[in-house]
>>> print(open('data-v7.cif').read())   # mmCIF, C-alpha atoms
data_upload
#
loop_
_atom_site.label_atom_id
_atom_site.label_comp_id
_atom_site.auth_asym_id
_atom_site.auth_seq_id
_atom_site.Cartn_x
_atom_site.Cartn_y
_atom_site.Cartn_z
CA MET A 814 -21.14 -129.89 14.10
CA VAL A 815 -17.44 -129.76 13.82
CA GLY A 816 -14.21 -128.44 15.15
CA SER A 817 -13.13 -127.16 18.51
CA MET A 818 -16.11 -125.91 20.45
CA ILE A 819 -15.72 -122.71 22.44
CA SER A 820 -16.51 -122.84 26.13
CA THR A 821 -19.34 -120.57 27.16
CA PRO A 822 -21.76 -120.56 30.08
CA ILE A 823 -24.34 -123.12 29.15
CA SER A 824 -28.06 -122.88 29.30
CA VAL A 825 -29.58 -126.04 27.91
CA LYS A 826 -33.17 -126.01 26.78
CA PRO A 827 -34.97 -128.90 28.48
CA TRP A 828 -35.54 -131.81 26.15
CA ASN A 829 -39.10 -132.88 25.52
CA SER A 830 -38.38 -136.52 26.30
CA ALA A 831 -36.64 -137.77 29.41
CA LEU A 832 -33.08 -139.03 29.31
CA ALA A 833 -32.85 -142.78 29.31
CA ALA A 834 -31.55 -144.05 32.63
CA CYS A 835 -29.96 -147.19 31.32
CA ILE A 836 -26.32 -147.71 30.42
CA ARG A 837 -25.63 -149.90 27.43
CA PRO A 838 -22.60 -150.93 25.35
CA ASP A 839 -22.01 -148.64 22.39
CA PRO A 840 -21.75 -150.85 19.25
CA GLY A 841 -19.31 -148.46 17.63
CA VAL A 842 -16.56 -148.68 20.28
CA PRO A 843 -14.51 -151.43 21.98
CA PHE A 844 -16.48 -153.48 24.48
CA ARG A 845 -14.70 -152.08 27.54
CA ARG A 846 -16.14 -148.62 27.02
CA ARG A 847 -19.69 -147.73 27.99
CA THR A 848 -21.80 -144.78 27.01
CA ILE A 849 -25.05 -143.46 28.38
CA ALA A 850 -27.93 -143.68 25.92
CA VAL A 851 -30.05 -140.61 25.28
CA SER A 852 -33.65 -140.65 24.17
CA ASN A 853 -34.08 -139.51 20.58
CA SER A 854 -35.59 -136.11 21.29
CA SER A 855 -36.50 -133.93 18.37
CA SER A 856 -35.83 -130.72 20.32
CA PRO A 857 -33.18 -128.52 18.72
CA LEU A 858 -29.89 -127.99 20.51
CA SER A 859 -29.51 -124.42 21.76
CA THR A 860 -26.58 -122.47 20.37
CA THR A 861 -24.74 -122.25 23.68
CA ALA A 862 -25.25 -125.92 24.39
CA PHE A 863 -24.11 -126.92 20.90
CA PHE A 864 -20.82 -125.05 21.31
CA HIS A 865 -20.17 -126.25 24.84
CA LEU A 866 -20.69 -129.94 24.22
CA GLN A 867 -17.44 -131.81 23.95
CA HIS A 868 -16.55 -134.55 21.50
CA SER A 869 -16.06 -138.10 22.74
CA ALA A 870 -15.12 -141.12 20.66
CA ALA A 871 -13.00 -144.20 21.17
CA ARG A 872 -9.70 -144.52 19.41
CA PRO A 873 -9.14 -147.49 17.12
CA ILE A 874 -7.36 -150.56 18.36
CA ASN A 875 -3.79 -150.51 17.07
CA ASN A 876 -2.85 -152.85 14.24
CA LEU A 877 -6.42 -154.03 13.84
CA ARG A 878 -7.12 -155.84 10.58
CA LEU A 879 -10.78 -156.25 9.77
CA SER A 880 -12.28 -158.64 7.28
CA PRO A 881 -15.04 -157.39 4.96
CA ARG A 882 -17.75 -158.85 7.16
CA HIS A 883 -16.43 -156.87 10.15
CA SER A 884 -15.95 -153.57 8.34
CA HIS A 885 -16.87 -150.89 10.93
CA TYR A 886 -19.51 -153.24 12.37
CA LEU A 887 -21.83 -152.36 9.50
CA LYS A 888 -24.97 -154.36 8.83
CA ALA A 889 -26.17 -154.88 5.29
CA SER A 890 -29.82 -154.58 4.36
CA SER A 891 -31.94 -154.02 1.28
CA SER A 892 -34.88 -151.84 0.45
CA ALA A 893 -38.44 -153.12 0.55
CA ALA A 894 -38.37 -153.42 -3.23
CA GLY A 895 -35.09 -155.32 -3.03
CA THR A 896 -33.41 -153.06 -5.58
CA THR A 897 -31.14 -150.93 -3.35
CA GLU A 898 -28.60 -152.25 -0.88
CA TYR A 899 -27.84 -150.33 2.29
CA LEU A 900 -25.28 -150.31 5.07
CA GLU A 901 -26.50 -149.29 8.50
CA GLU A 902 -24.41 -147.03 10.72
CA PRO A 903 -24.91 -148.94 13.99
CA ALA A 904 -24.62 -146.11 16.51
CA THR A 905 -27.42 -144.09 14.90
CA ASN A 906 -29.26 -146.77 12.87
CA VAL A 907 -29.07 -144.51 9.80
CA LYS A 908 -29.04 -146.50 6.56
CA PHE A 909 -26.72 -145.46 3.73
CA PRO A 910 -27.15 -146.71 0.14
CA LYS A 911 -24.11 -148.70 -0.98
CA SER A 912 -24.04 -146.70 -4.22
CA LEU A 913 -25.51 -143.31 -4.95
CA LYS A 914 -25.91 -140.72 -7.67
CA VAL A 915 -24.68 -137.61 -5.89
CA PRO A 916 -26.03 -134.12 -6.71
CA GLY A 917 -23.70 -132.22 -9.02
CA CYS A 918 -21.44 -135.20 -9.80
CA THR A 919 -20.63 -136.27 -13.34
CA SER A 920 -20.04 -139.88 -12.24
CA SER A 921 -22.97 -142.21 -12.79
CA SER A 922 -22.70 -143.23 -9.14
CA LEU A 923 -20.29 -143.18 -6.21
CA SER A 924 -19.67 -146.08 -3.83
CA LEU A 925 -19.91 -146.01 -0.05
CA LEU A 926 -16.47 -146.38 1.54
CA GLY A 927 -17.28 -145.98 5.25
CA THR A 928 -19.66 -144.45 7.78
CA GLY A 929 -19.50 -142.94 11.24
CA TYR A 930 -21.26 -140.58 13.59
CA ARG A 931 -20.69 -137.25 15.29
CA GLU A 932 -21.33 -137.13 19.00
CA LYS A 933 -21.32 -134.29 21.51
CA VAL A 934 -21.05 -134.86 25.24
CA PHE A 935 -22.70 -132.68 27.86
CA ALA A 936 -21.54 -133.67 31.35
CA ILE A 937 -21.64 -137.46 31.00
CA ILE A 938 -24.41 -137.62 28.45
CA GLY A 939 -23.49 -138.47 24.86
CA VAL A 940 -25.71 -136.78 22.26
CA LYS A 941 -25.40 -137.98 18.68
CA VAL A 942 -25.91 -135.15 16.20
CA TYR A 943 -25.51 -136.80 12.80
CA ALA A 944 -24.36 -139.83 10.88
CA ALA A 945 -22.05 -139.48 7.87
CA GLY A 946 -20.88 -141.65 5.00
CA LEU A 947 -18.08 -141.05 2.49
CA TYR A 948 -18.77 -141.93 -1.15
CA VAL A 949 -15.97 -142.25 -3.69
CA ASP A 950 -15.38 -143.07 -7.31
CA GLN A 951 -13.92 -146.56 -7.63
CA SER A 952 -10.90 -145.11 -9.43
CA ILE A 953 -9.59 -144.07 -6.01
CA PHE A 954 -8.29 -147.62 -5.48
CA THR A 955 -6.10 -147.32 -8.58
CA ILE A 956 -4.79 -143.96 -7.42
CA LEU A 957 -3.91 -145.35 -3.97
CA THR A 958 -2.17 -148.57 -5.03
CA ALA A 959 1.00 -147.56 -3.14
CA TRP A 960 -0.87 -148.14 0.14
CA LYS A 961 -2.63 -151.38 -0.75
CA ASP A 962 -0.72 -153.51 1.78
CA LEU A 963 -1.42 -151.33 4.81
CA SER A 964 -3.79 -152.36 7.59
CA ALA A 965 -6.81 -150.24 8.49
CA ALA A 966 -5.03 -148.83 11.55
CA GLU A 967 -1.96 -147.94 9.47
CA ILE A 968 -4.13 -146.20 6.88
CA GLU A 969 -6.04 -144.30 9.58
CA ALA A 970 -2.76 -142.89 10.94
CA ASN A 971 -1.34 -141.99 7.50
CA SER A 972 -1.89 -138.26 6.87
CA SER A 973 -0.31 -138.34 3.42
CA LEU A 974 -2.75 -141.00 2.26
CA PHE A 975 -5.76 -138.87 3.15
CA SER A 976 -4.09 -135.89 1.52
CA SER A 977 -3.77 -137.99 -1.62
CA ILE A 978 -7.49 -138.79 -1.48
CA PHE A 979 -8.28 -135.10 -1.31
CA LEU A 980 -5.91 -134.20 -4.16
CA ALA A 981 -7.01 -137.09 -6.37
CA PRO A 982 -8.79 -135.96 -9.59
CA SER A 983 -11.85 -138.04 -8.74
CA GLU A 984 -15.17 -137.07 -7.21
CA LYS A 985 -15.95 -137.82 -3.57
CA ALA A 986 -18.89 -136.82 -1.42
CA LEU A 987 -19.82 -136.81 2.23
CA ARG A 988 -23.48 -137.58 2.93
CA ILE A 989 -24.57 -136.25 6.34
CA VAL A 990 -27.88 -137.23 7.92
CA LEU A 991 -28.98 -135.26 10.98
CA VAL A 992 -30.36 -137.33 13.84
CA ARG A 993 -31.37 -134.27 15.91
CA ASP A 994 -32.87 -130.88 15.12
CA VAL A 995 -30.23 -128.13 14.81
CA ASP A 996 -30.93 -124.57 13.73
CA GLY A 997 -28.98 -123.33 10.72
CA LYS A 998 -27.13 -120.56 12.52
CA THR A 999 -25.84 -122.95 15.16
CA PHE A 1000 -24.75 -125.35 12.45
CA TRP A 1001 -22.93 -122.63 10.49
CA ASP A 1002 -21.27 -121.09 13.56
CA ALA A 1003 -19.85 -124.46 14.56
CA LEU A 1004 -18.73 -125.16 10.99
CA ASP A 1005 -17.03 -121.77 10.75
CA GLU A 1006 -15.24 -122.38 14.05
CA ALA A 1007 -13.82 -125.58 12.58
CA ILE A 1008 -12.85 -124.26 9.16
CA SER A 1009 -11.17 -120.97 10.08
CA PRO A 1010 -8.23 -122.38 12.13
CA ARG A 1011 -7.47 -124.79 9.30
CA ILE A 1012 -6.88 -121.99 6.77
CA LYS A 1013 -3.27 -121.05 7.46
CA ALA A 1014 -2.66 -118.75 4.48
CA PRO A 1015 -5.91 -117.02 3.45
CA ALA A 1016 -6.41 -116.36 -0.27
CA GLU A 1017 -8.67 -113.94 -2.13
CA ALA A 1018 -11.15 -116.68 -3.02
CA ASP A 1019 -11.68 -117.76 0.58
CA GLU A 1020 -13.99 -115.00 1.84
CA PRO A 1021 -16.54 -115.29 -1.01
CA ALA A 1022 -16.51 -119.07 -0.54
CA LEU A 1023 -17.15 -118.76 3.19
CA ALA A 1024 -19.90 -116.21 2.53
CA LYS A 1025 -21.65 -118.72 0.24
CA LEU A 1026 -21.44 -121.40 2.92
CA ARG A 1027 -22.82 -118.98 5.52
CA ALA A 1028 -25.76 -118.05 3.29
CA THR A 1029 -26.48 -121.70 2.57
CA PHE A 1030 -26.87 -122.73 6.21
CA GLU A 1031 -27.45 -119.67 8.36
CA ASN A 1032 -31.18 -118.99 7.93
CA ARG A 1033 -32.31 -122.55 7.32
CA PRO A 1034 -33.78 -124.85 9.98
CA LEU A 1035 -32.07 -128.23 9.86
CA SER A 1036 -34.52 -130.75 11.25
CA LYS A 1037 -33.93 -134.36 12.14
CA GLY A 1038 -33.62 -136.38 8.93
CA THR A 1039 -32.19 -133.51 6.87
CA VAL A 1040 -29.62 -134.78 4.36
CA LEU A 1041 -26.57 -132.69 3.49
CA PHE A 1042 -24.04 -133.35 0.75
CA LEU A 1043 -20.50 -131.98 0.71
CA THR A 1044 -19.13 -132.98 -2.69
CA TRP A 1045 -15.52 -132.45 -3.75
CA LEU A 1046 -15.30 -132.26 -7.55
CA GLY A 1047 -11.59 -131.52 -7.33
CA PRO A 1048 -9.11 -129.87 -4.95
CA SER A 1049 -10.45 -126.37 -5.63
CA LYS A 1050 -14.16 -126.89 -6.33
CA MET A 1051 -17.01 -128.42 -4.38
CA HIS A 1052 -20.80 -128.47 -4.24
CA VAL A 1053 -22.95 -128.11 -1.13
CA CYS A 1054 -26.50 -129.46 -1.18
CA VAL A 1055 -28.92 -129.17 1.75
CA ASP A 1056 -31.91 -131.51 2.04
CA GLY A 1057 -32.06 -132.12 -1.68
CA ASP A 1058 -32.82 -135.44 -3.30
CA THR A 1059 -30.14 -137.11 -5.38
CA SER A 1060 -31.46 -135.61 -8.62
CA SER A 1061 -31.33 -131.99 -7.48
CA GLY A 1062 -28.54 -129.54 -8.08
CA ALA A 1063 -26.23 -127.82 -5.62
CA ASP A 1064 -27.32 -125.06 -3.26
CA ALA A 1065 -23.83 -123.55 -3.43
CA THR A 1066 -20.67 -124.03 -5.46
CA ILE A 1067 -17.47 -123.35 -3.54
CA GLU A 1068 -14.38 -122.42 -5.56
CA SER A 1069 -11.56 -122.14 -3.04
CA THR A 1070 -8.77 -124.64 -2.49
CA ASN A 1071 -8.30 -123.49 1.10
CA VAL A 1072 -11.96 -123.87 2.05
CA ALA A 1073 -12.35 -127.20 0.23
CA ALA A 1074 -9.20 -128.55 1.90
CA ALA A 1075 -10.25 -127.26 5.32
CA LEU A 1076 -13.62 -129.00 5.06
CA PHE A 1077 -11.97 -132.27 4.09
CA ASP A 1078 -9.50 -131.92 6.96
CA VAL A 1079 -12.39 -131.41 9.41
CA PHE A 1080 -13.42 -135.02 8.77
CA PHE A 1081 -10.22 -136.76 7.64
CA GLY A 1082 -7.34 -134.75 9.08
CA ASP A 1083 -5.23 -135.59 12.13
CA SER A 1084 -7.96 -134.40 14.53
CA PRO A 1085 -11.20 -135.51 12.84
CA VAL A 1086 -14.54 -134.58 14.36
CA SER A 1087 -15.71 -138.16 13.83
CA PRO A 1088 -12.95 -140.69 14.49
CA SER A 1089 -15.44 -143.48 13.82
CA LEU A 1090 -15.95 -142.18 10.27
CA LYS A 1091 -12.24 -141.87 9.53
CA MET A 1092 -11.49 -145.34 10.87
CA SER A 1093 -14.38 -146.83 8.91
CA VAL A 1094 -13.09 -145.21 5.71
CA ALA A 1095 -9.59 -146.55 6.47
CA THR A 1096 -11.11 -150.02 6.88
CA GLY A 1097 -12.97 -149.63 3.61
CA LEU A 1098 -9.72 -148.76 1.85
CA ALA A 1099 -7.90 -151.71 3.42
CA VAL A 1100 -10.67 -154.14 2.48
CA GLY A 1101 -11.10 -152.65 -1.00
CA HIS A 1102 -7.48 -153.42 -1.88
CA LYS A 1103 -7.75 -157.11 -0.93
#
>>> encode(input="data-v7.cif", output="structure tokens")
Amino acid sequence: MVGSMISTPISVKPWNSALAACIRPDPGVPFRRRTIAVSNSSSPLSTTAFFHLQHSAARPINNLRLSPRHSHYLKASSSAAGTTEYLEEPATNVKFPKSLKVPGCTSSSLSLLGTGYREKVFAIIGVKVYAAGLYVDQSIFTILTAWKDLSAAEIEANSSLFSSIFLAPSEKALRIVLVRDVDGKTFWDALDEAISPRIKAPAEADEPALAKLRATFENRPLSKGTVLFLTWLGPSKMHVCVDGDTSSGADATIESTNVAAALFDVFFGDSPVSPSLKMSVATGLAVGHK
């Protein structure tokens, strides 16, 4: 899922459906770049393949200012009943509700700030693993007033701004939707590989927190369509919910500032695993202040 993947000899389990032979523009990157489309196989990624695949994503165009209608190329839609509005992450076609009651949150609802996708590359083939959307309490715009005149690109490059989001006493949640099957052990191993290097000064609370995360994911199959929530209630406490509906409680409660900060840094630090997500969130912040 995340972090620096270790290089190991690779033995990829054949996919049930053939790779698409066509080359098409990727809607989530500048038009000059091309990516090879992959058929949406439901076969799980093998552990060795999952680690070996390398991340590939386009960098944002410098000094880009996007209007609300261009925000991360998102397309608005509504449910069949017309009561819920959605934004579609274009690279994966996953729809995210614009507002959501998040498991374990005290807020009545959180608002969608931006979406993106996580992609692995094997040889020249891009394999999308999941789509993700960040939900925040609207109070975040009051907390971040000092940055209200920055462009999306300036926000994306501003480490202190994202640190302020993490430290803000307001709830925020990452909703992750798998677009491929991944076994739980593979998911946890990759997550652990990403978190551990980001904990520079281990504390006593870290190991129990990591053990809870391991137990939450390790023995659970994560099939295509599984929804995960990583919810930061504050700088030192977060909930983890796996494949639960929005009314269910948390599968694990993590009480460790180091682990909570490391998980946030995985997605919004200087080397995010999904640059498209971070840039979309930066755009959402820039547009939200207008």
>>> closest_residue(input="data-v7.cif", among="A:Arg1027, A:Lys998, A:Lys1091, A:Lys1050", to="Ala945 (chain A)", atoms="all atoms listed in the file")
A:Lys1091
>>> closest_residue(input="data-v7.cif", among="A:Val949, A:Phe979, A:Arg988, A:Trp1045", to="Phe909 (chain A)", atoms="all atoms listed in the file")
A:Arg988
>>> closest_residue(input="data-v7.cif", among="A:Gly1047, A:Gly917, A:Pro1085, A:Pro1010", to="Thr1070 (chain A)", atoms="only C-alpha atoms")
A:Gly1047
>>> atom_distance(input="data-v7.cif", atom1="CA of Ala1095 (chain A)", atom2="CA of Arg993 (chain A)")
26.7 Å
>>> resolve_selection(input="data-v7.cif", expression="the PyMOL selection byres ((chain A and resi 986) around 12)", output="PyMOL selection string")
chain A and resi 912-918+920+922-928+945-950+978-979+983-985+987-989+1041-1047+1051-1054+1059+1073+1076-1077+1080
>>> atom_distance(input="data-v7.cif", atom1="CA of Pro982 (chain A)", atom2="CA of Ala1003 (chain A)")
28.9 Å
>>> atom_distance(input="data-v7.cif", atom1="CA of Glu901 (chain A)", atom2="CA of Ala981 (chain A)")
27.4 Å
>>> residues_around(input="data-v7.cif", residues="region 1012-1023 of chain A", least_positions_apart="6", cutoff="8 Å", atoms="all atoms listed in the file", output="PyMOL selection string")
chain A and resi 1067-1069+1071-1072+1075
>>> write_last_selection(input="data-v7.cif", atoms="C-alpha atoms", output="PDB file, keeping the file's coordinate frame")
ATOM      1  CA  ILE A1067     -17.470-123.350  -3.540  1.00  0.00           C
ATOM      2  CA  GLU A1068     -14.380-122.420  -5.560  1.00  0.00           C
ATOM      3  CA  SER A1069     -11.560-122.140  -3.040  1.00  0.00           C
ATOM      4  CA  ASN A1071      -8.300-123.490   1.100  1.00  0.00           C
ATOM      5  CA  VAL A1072     -11.960-123.870   2.050  1.00  0.00           C
ATOM      6  CA  ALA A1075     -10.250-127.260   5.320  1.00  0.00           C
TER       7      ALA A1075
END
>>> resolve_selection(input="data-v7.cif", expression="the PyMOL selection byres ((chain A and resi 992) around 6)", output="PyMOL selection string")
chain A and resi 942-943+991+993+1037-1038
>>> closest_residue(input="data-v7.cif", among="A:Pro910, A:Val1100, A:Pro1048, A:Val1086", to="Leu1004 (chain A)", atoms="only C-alpha atoms")
A:Val1086
>>> closest_residue(input="data-v7.cif", among="A:Arg931, A:Thr905, A:Ser952, A:Ala970", to="Met1092 (chain A)", atoms="only C-alpha atoms")
A:Ala970
>>> resolve_selection(input="data-v7.cif", expression="the PyMOL selection byres ((chain A and resi 902) around 8)", output="NGL selection string")
:A and (887-888 or 900-901 or 903-909 or 928-930 or 944)
>>> write_last_selection(input="data-v7.cif", atoms="C-alpha atoms", output="short mmCIF file (atom, residue, chain, number, x, y, z; two decimals), keeping the file's coordinate frame")
data_model
loop_
_atom_site.label_atom_id
_atom_site.label_comp_id
_atom_site.auth_asym_id
_atom_site.auth_seq_id
_atom_site.Cartn_x
_atom_site.Cartn_y
_atom_site.Cartn_z
CA LEU A 887 -21.83 -152.36 9.50
CA LYS A 888 -24.97 -154.36 8.83
CA LEU A 900 -25.28 -150.31 5.07
CA GLU A 901 -26.50 -149.29 8.50
CA PRO A 903 -24.91 -148.94 13.99
CA ALA A 904 -24.62 -146.11 16.51
CA THR A 905 -27.42 -144.09 14.90
CA ASN A 906 -29.26 -146.77 12.87
CA VAL A 907 -29.07 -144.51 9.80
CA LYS A 908 -29.04 -146.50 6.56
CA PHE A 909 -26.72 -145.46 3.73
CA THR A 928 -19.66 -144.45 7.78
CA GLY A 929 -19.50 -142.94 11.24
CA TYR A 930 -21.26 -140.58 13.59
CA ALA A 944 -24.36 -139.83 10.88
#
>>> build_atoms(input="data-v7.cif", residues="region 950-965 of chain A", atoms="N, CA and C atoms", output="PDB file, keeping the file's coordinate frame")
ATOM      1  N   ASP A 950     -15.468-142.396  -6.026  1.00  0.00           N
ATOM      2  CA  ASP A 950     -15.380-143.070  -7.310  1.00  0.00           C
ATOM      3  C   ASP A 950     -14.423-144.251  -7.149  1.00  0.00           C
ATOM      4  N   GLN A 951     -14.740-145.365  -7.785  1.00  0.00           N
ATOM      5  CA  GLN A 951     -13.920-146.560  -7.630  1.00  0.00           C
ATOM      6  C   GLN A 951     -12.490-146.382  -8.132  1.00  0.00           C
ATOM      7  N   SER A 952     -12.253-145.360  -8.934  1.00  0.00           N
ATOM      8  CA  SER A 952     -10.900-145.110  -9.430  1.00  0.00           C
ATOM      9  C   SER A 952      -9.927-144.773  -8.304  1.00  0.00           C
ATOM     10  N   ILE A 953     -10.457-144.441  -7.126  1.00  0.00           N
ATOM     11  CA  ILE A 953      -9.590-144.070  -6.010  1.00  0.00           C
ATOM     12  C   ILE A 953      -8.669-145.232  -5.628  1.00  0.00           C
ATOM     13  N   PHE A 954      -9.122-146.468  -5.833  1.00  0.00           N
ATOM     14  CA  PHE A 954      -8.290-147.620  -5.480  1.00  0.00           C
ATOM     15  C   PHE A 954      -7.081-147.742  -6.404  1.00  0.00           C
ATOM     16  N   THR A 955      -7.237-147.330  -7.647  1.00  0.00           N
ATOM     17  CA  THR A 955      -6.100-147.320  -8.580  1.00  0.00           C
ATOM     18  C   THR A 955      -5.114-146.226  -8.191  1.00  0.00           C
ATOM     19  N   ILE A 956      -5.636-145.084  -7.800  1.00  0.00           N
ATOM     20  CA  ILE A 956      -4.790-143.960  -7.420  1.00  0.00           C
ATOM     21  C   ILE A 956      -3.985-144.268  -6.157  1.00  0.00           C
ATOM     22  N   LEU A 957      -4.551-145.076  -5.257  1.00  0.00           N
ATOM     23  CA  LEU A 957      -3.910-145.350  -3.970  1.00  0.00           C
ATOM     24  C   LEU A 957      -3.227-146.708  -3.908  1.00  0.00           C
ATOM     25  N   THR A 958      -2.777-147.238  -5.015  1.00  0.00           N
ATOM     26  CA  THR A 958      -2.170-148.570  -5.030  1.00  0.00           C
ATOM     27  C   THR A 958      -0.915-148.654  -4.156  1.00  0.00           C
ATOM     28  N   ALA A 959      -0.225-147.545  -3.959  1.00  0.00           N
ATOM     29  CA  ALA A 959       1.000-147.560  -3.140  1.00  0.00           C
ATOM     30  C   ALA A 959       0.723-147.961  -1.695  1.00  0.00           C
ATOM     31  N   TRP A 960      -0.524-147.833  -1.257  1.00  0.00           N
ATOM     32  CA  TRP A 960      -0.870-148.140   0.140  1.00  0.00           C
ATOM     33  C   TRP A 960      -1.682-149.425   0.284  1.00  0.00           C
ATOM     34  N   LYS A 961      -1.706-150.248  -0.759  1.00  0.00           N
ATOM     35  CA  LYS A 961      -2.630-151.380  -0.750  1.00  0.00           C
ATOM     36  C   LYS A 961      -2.300-152.447   0.291  1.00  0.00           C
ATOM     37  N   ASP A 962      -1.077-152.481   0.806  1.00  0.00           N
ATOM     38  CA  ASP A 962      -0.720-153.510   1.780  1.00  0.00           C
ATOM     39  C   ASP A 962      -0.823-153.042   3.225  1.00  0.00           C
ATOM     40  N   LEU A 963      -1.314-151.835   3.445  1.00  0.00           N
ATOM     41  CA  LEU A 963      -1.420-151.330   4.810  1.00  0.00           C
ATOM     42  C   LEU A 963      -2.687-151.844   5.486  1.00  0.00           C
ATOM     43  N   SER A 964      -2.614-151.996   6.808  1.00  0.00           N
ATOM     44  CA  SER A 964      -3.790-152.360   7.590  1.00  0.00           C
ATOM     45  C   SER A 964      -4.683-151.132   7.762  1.00  0.00           C
ATOM     46  N   ALA A 965      -5.893-151.359   8.249  1.00  0.00           N
ATOM     47  CA  ALA A 965      -6.810-150.240   8.490  1.00  0.00           C
ATOM     48  C   ALA A 965      -6.224-149.242   9.473  1.00  0.00           C
TER      49      ALA A 965
END
